[in-house]
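Shown below: work-v9.json, with JSON, C-alpha atoms.
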```json
[["chain", "number", "residue", "atom", "x", "y", "z"],
["A", 1, "MET", "CA", 11.11, 1.99, 4.00],
["A", 2, "SER", "CA", 11.31, 4.47, 1.15],
["A", 3, "ILE", "CA", 9.17, 5.41, -1.86],
["A", 4, "ASN", "CA", 12.27, 6.35, -3.87],
["A", 5, "HIS", "CA", 12.99, 3.49, -6.29],
["A", 6, "ARG", "CA", 16.74, 4.19, -6.12],
["A", 7, "SER", "CA", 16.87, 3.67, -2.35],
["A", 8, "PRO", "CA", 18.11, 0.34, -0.93],
["A", 9, "PHE", "CA", 15.03, 0.46, 1.34],
["A", 10, "PHE", "CA", 12.52, 0.52, -1.55],
["A", 11, "LYS", "CA", 10.15, -2.49, -1.52],
["A", 12, "GLN", "CA", 7.59, -2.38, -4.38],
["A", 13, "GLU", "CA", 5.54, -5.36, -3.18],
["A", 14, "LEU", "CA", 5.02, -3.77, 0.25],
["A", 15, "LEU", "CA", 4.21, -0.33, -1.13],
["A", 16, "GLU", "CA", 1.51, -1.80, -3.39],
["A", 17, "ARG", "CA", -0.38, -2.87, -0.26],
["A", 18, "GLY", "CA", -0.49, 0.73, 0.95],
["A", 19, "ILE", "CA", 1.18, 1.88, 4.13],
["A", 20, "GLY", "CA", -0.41, 4.11, 6.76],
["A", 21, "ILE", "CA", 1.87, 6.26, 8.92],
["A", 22, "ARG", "CA", 1.03, 7.78, 12.29],
["A", 23, "PHE", "CA", 3.57, 10.36, 13.45],
["A", 24, "LYS", "CA", 3.16, 12.14, 16.80],
["A", 25, "ASP", "CA", -0.50, 11.02, 17.05],
["A", 26, "GLY", "CA", -1.42, 12.35, 13.58],
["A", 27, "ILE", "CA", -1.84, 10.40, 10.35],
["A", 28, "ARG", "CA", 0.52, 11.61, 7.62],
["A", 29, "HIS", "CA", 0.05, 11.13, 3.88],
["A", 30, "ASP", "CA", 3.17, 13.00, 2.71],
["A", 31, "VAL", "CA", 5.90, 10.68, 4.03],
["A", 32, "GLU", "CA", 8.77, 9.97, 1.63],
["A", 33, "GLU", "CA", 10.75, 7.67, 3.94],
["A", 34, "TYR", "CA", 10.46, 6.44, 7.53],
["A", 35, "CYS", "CA", 12.27, 4.40, 10.20],
["A", 36, "ILE", "CA", 10.27, 3.03, 13.11],
["A", 37, "SER", "CA", 13.27, 1.77, 15.13],
["A", 38, "GLU", "CA", 15.07, 5.14, 14.99],
["A", 39, "GLY", "CA", 11.86, 7.19, 15.29],
["A", 40, "TRP", "CA", 11.95, 9.52, 12.27],
["A", 41, "ILE", "CA", 10.19, 10.32, 9.00],
["A", 42, "ARG", "CA", 11.22, 12.32, 5.94],
["A", 43, "VAL", "CA", 8.65, 14.61, 4.32],
["A", 44, "ALA", "CA", 8.90, 16.66, 1.14],
["A", 45, "LEU", "CA", 9.68, 20.37, 1.55],
["A", 46, "GLY", "CA", 6.89, 21.79, -0.58],
["A", 47, "LYS", "CA", 7.53, 21.55, -4.31],
["A", 48, "LYS", "CA", 11.27, 22.19, -4.04],
["A", 49, "VAL", "CA", 13.57, 19.71, -5.80],
["A", 50, "ASP", "CA", 17.31, 19.19, -5.95],
["A", 51, "ARG", "CA", 19.32, 19.36, -9.17],
["A", 52, "ASN", "CA", 18.50, 15.70, -9.92],
["A", 53, "GLY", "CA", 14.74, 16.28, -9.66],
["A", 54, "ASN", "CA", 14.35, 14.55, -6.29],
["A", 55, "PRO", "CA", 12.22, 16.34, -3.68],
["A", 56, "LEU", "CA", 14.03, 18.14, -0.90],
["A", 57, "THR", "CA", 13.06, 16.58, 2.42],
["A", 58, "LEU", "CA", 12.98, 17.40, 6.10],
["A", 59, "LYS", "CA", 13.76, 14.81, 8.75],
["A", 60, "LEU", "CA", 11.25, 14.93, 11.61],
["A", 61, "VAL", "CA", 11.94, 13.04, 14.84],
["A", 62, "GLY", "CA", 9.28, 11.48, 17.03],
["A", 63, "PRO", "CA", 7.23, 8.31, 17.62],
["A", 64, "VAL", "CA", 6.34, 6.51, 14.37],
["A", 65, "GLU", "CA", 3.73, 3.78, 13.79],
["A", 66, "ALA", "CA", 3.10, 2.05, 10.47],
["A", 67, "TRP", "CA", 0.50, -0.43, 9.20],
["A", 68, "PHE", "CA", -0.60, -2.03, 5.95],
["A", 69, "GLU", "CA", -3.83, -0.65, 4.51],
["A", 70, "ARG", "CA", -4.60, -3.81, 2.47],
["A", 71, "PRO", "CA", -3.87, -7.49, 3.23],
["A", 72, "ALA", "CA", -1.20, -9.37, 1.29],
["A", 73, "ALA", "CA", -2.30, -11.20, -1.87],
["A", 74, "SER", "CA", -1.64, -14.58, -0.18],
["A", 75, "ASP", "CA", -3.84, -13.56, 2.80],
["A", 76, "ALA", "CA", -6.69, -12.49, 0.50],
["A", 77, "ASP", "CA", -6.58, -15.83, -1.38],
["A", 78, "GLU", "CA", -6.97, -17.82, 1.85],
["A", 79, "GLY", "CA", -10.03, -15.88, 3.10]]
```

Now that the file is in, can you turn its structure into structure tokens?
Amino acid sequence: MSINHRSPFFKQELLERGIGIRFKDGIRHDVEEYCISEGWIRVALGKKVDRNGNPLTLKLVGPVEAWFERPAASDADEG
């Protein structure tokens, strides 16, 4: 999943629910992209950007957990 709207892994409807990320037993709020099955996250490298204005990122490897912070709209309507 990615927060970059140009990525093929960008999913607006899922991001609107809010996603929590736990990486190496710590909760991260600066994750740009993540992959649970491969065990990595990408985080911005400070305020540095490339020539297209996209943030430069570091790939960190380790155990990744993700969860939704809010229920889906269809789940909220049922309850």

**OP:** For A:Gly62, work out the shell of residues within 7 Å, counting only C-alpha atoms and skipping chain neighbours fewer than 4 positions away, then give it as a PyMOL selection string.
**Re:** chain A and resi 23-24+39-40

Original post:
Using only C-alpha atoms, can you list as a ChimeraX atom specification the residues within 7 Å of (10.8, 22.1, 5.8)?
Top reply: /A:45,57-58

Take the residues just selected and output them with C-alpha atoms as a short mmCIF file (atom, residue, chain, number, x, y, z; two decimals), in the coordinates of the input.
```cif
data_model
loop_
_atom_site.label_atom_id
_atom_site.label_comp_id
_atom_site.auth_asym_id
_atom_site.auth_seq_id
_atom_site.Cartn_x
_atom_site.Cartn_y
_atom_site.Cartn_z
CA LEU A 45 9.68 20.37 1.55
CA THR A 57 13.06 16.58 2.42
CA LEU A 58 12.98 17.40 6.10
#
```

In the coordinates of the file, take the point (12.4, 16.5, -6.5) and a cut-off of 12 Å; then, counting all atoms listed in the file, name each qualifying protein, DNA or RNA residue as a tab-separated table (two decimals) with C-alpha atoms, in the frame of the given file.
```tsv
chain	number	residue	atom	x	y	z
A	4	ASN	CA	12.27	6.35	-3.87
A	32	GLU	CA	8.77	9.97	1.63
A	43	VAL	CA	8.65	14.61	4.32
A	44	ALA	CA	8.90	16.66	1.14
A	45	LEU	CA	9.68	20.37	1.55
A	46	GLY	CA	6.89	21.79	-0.58
A	47	LYS	CA	7.53	21.55	-4.31
A	48	LYS	CA	11.27	22.19	-4.04
A	49	VAL	CA	13.57	19.71	-5.80
A	50	ASP	CA	17.31	19.19	-5.95
A	51	ARG	CA	19.32	19.36	-9.17
A	52	ASN	CA	18.50	15.70	-9.92
A	53	GLY	CA	14.74	16.28	-9.66
A	54	ASN	CA	14.35	14.55	-6.29
A	55	PRO	CA	12.22	16.34	-3.68
A	56	LEU	CA	14.03	18.14	-0.90
A	57	THR	CA	13.06	16.58	2.42
```

**OP:** Report the distance between atom CA of A:Lys11 and atom CA of A:Glu38 in Å, rounded to one decimal place.
**Re:** 18.8 Å

Original post:
Which residue out of A:Ala73, A:Cys35, A:Ile41, A:Leu60 has the minimum interatomic distance to A:Phe9 when all atoms listed in the file are used?
Top reply: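 Of A:Ala73, A:Cys35, A:Ile41, A:Leu60, the one nearest A:Phe9 is A:Cys35, counting all atoms listed in the file.
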
**OP:** Work out how far apart atom CA of A:Pro71 and atom CA of A:Pro8 are and give it in Å to one decimal.
**Re:**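 One can read the atom CA of A:Pro71 to atom CA of A:Pro8 distance as 23.7 Å.
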
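Among the candidates A:Arg28, A:Ser37, A:Ala66, A:Val61, the one nearest to A:Leu14 when counting all atoms listed in the file is A:Ala66.
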
Subject >> Atom-to-atom span, atom CA of A:Glu65 and atom CA of A:Ser7, Å >> reply: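 Atom-to-atom, atom CA of A:Glu65 to atom CA of A:Ser7, that is 20.8 Å.
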
Subject >> Contacts of A:Arg70 within 10 Å, only C-alpha atoms, excl. fewer than 6 positions in-chain, as a count of residues only >> reply: 7
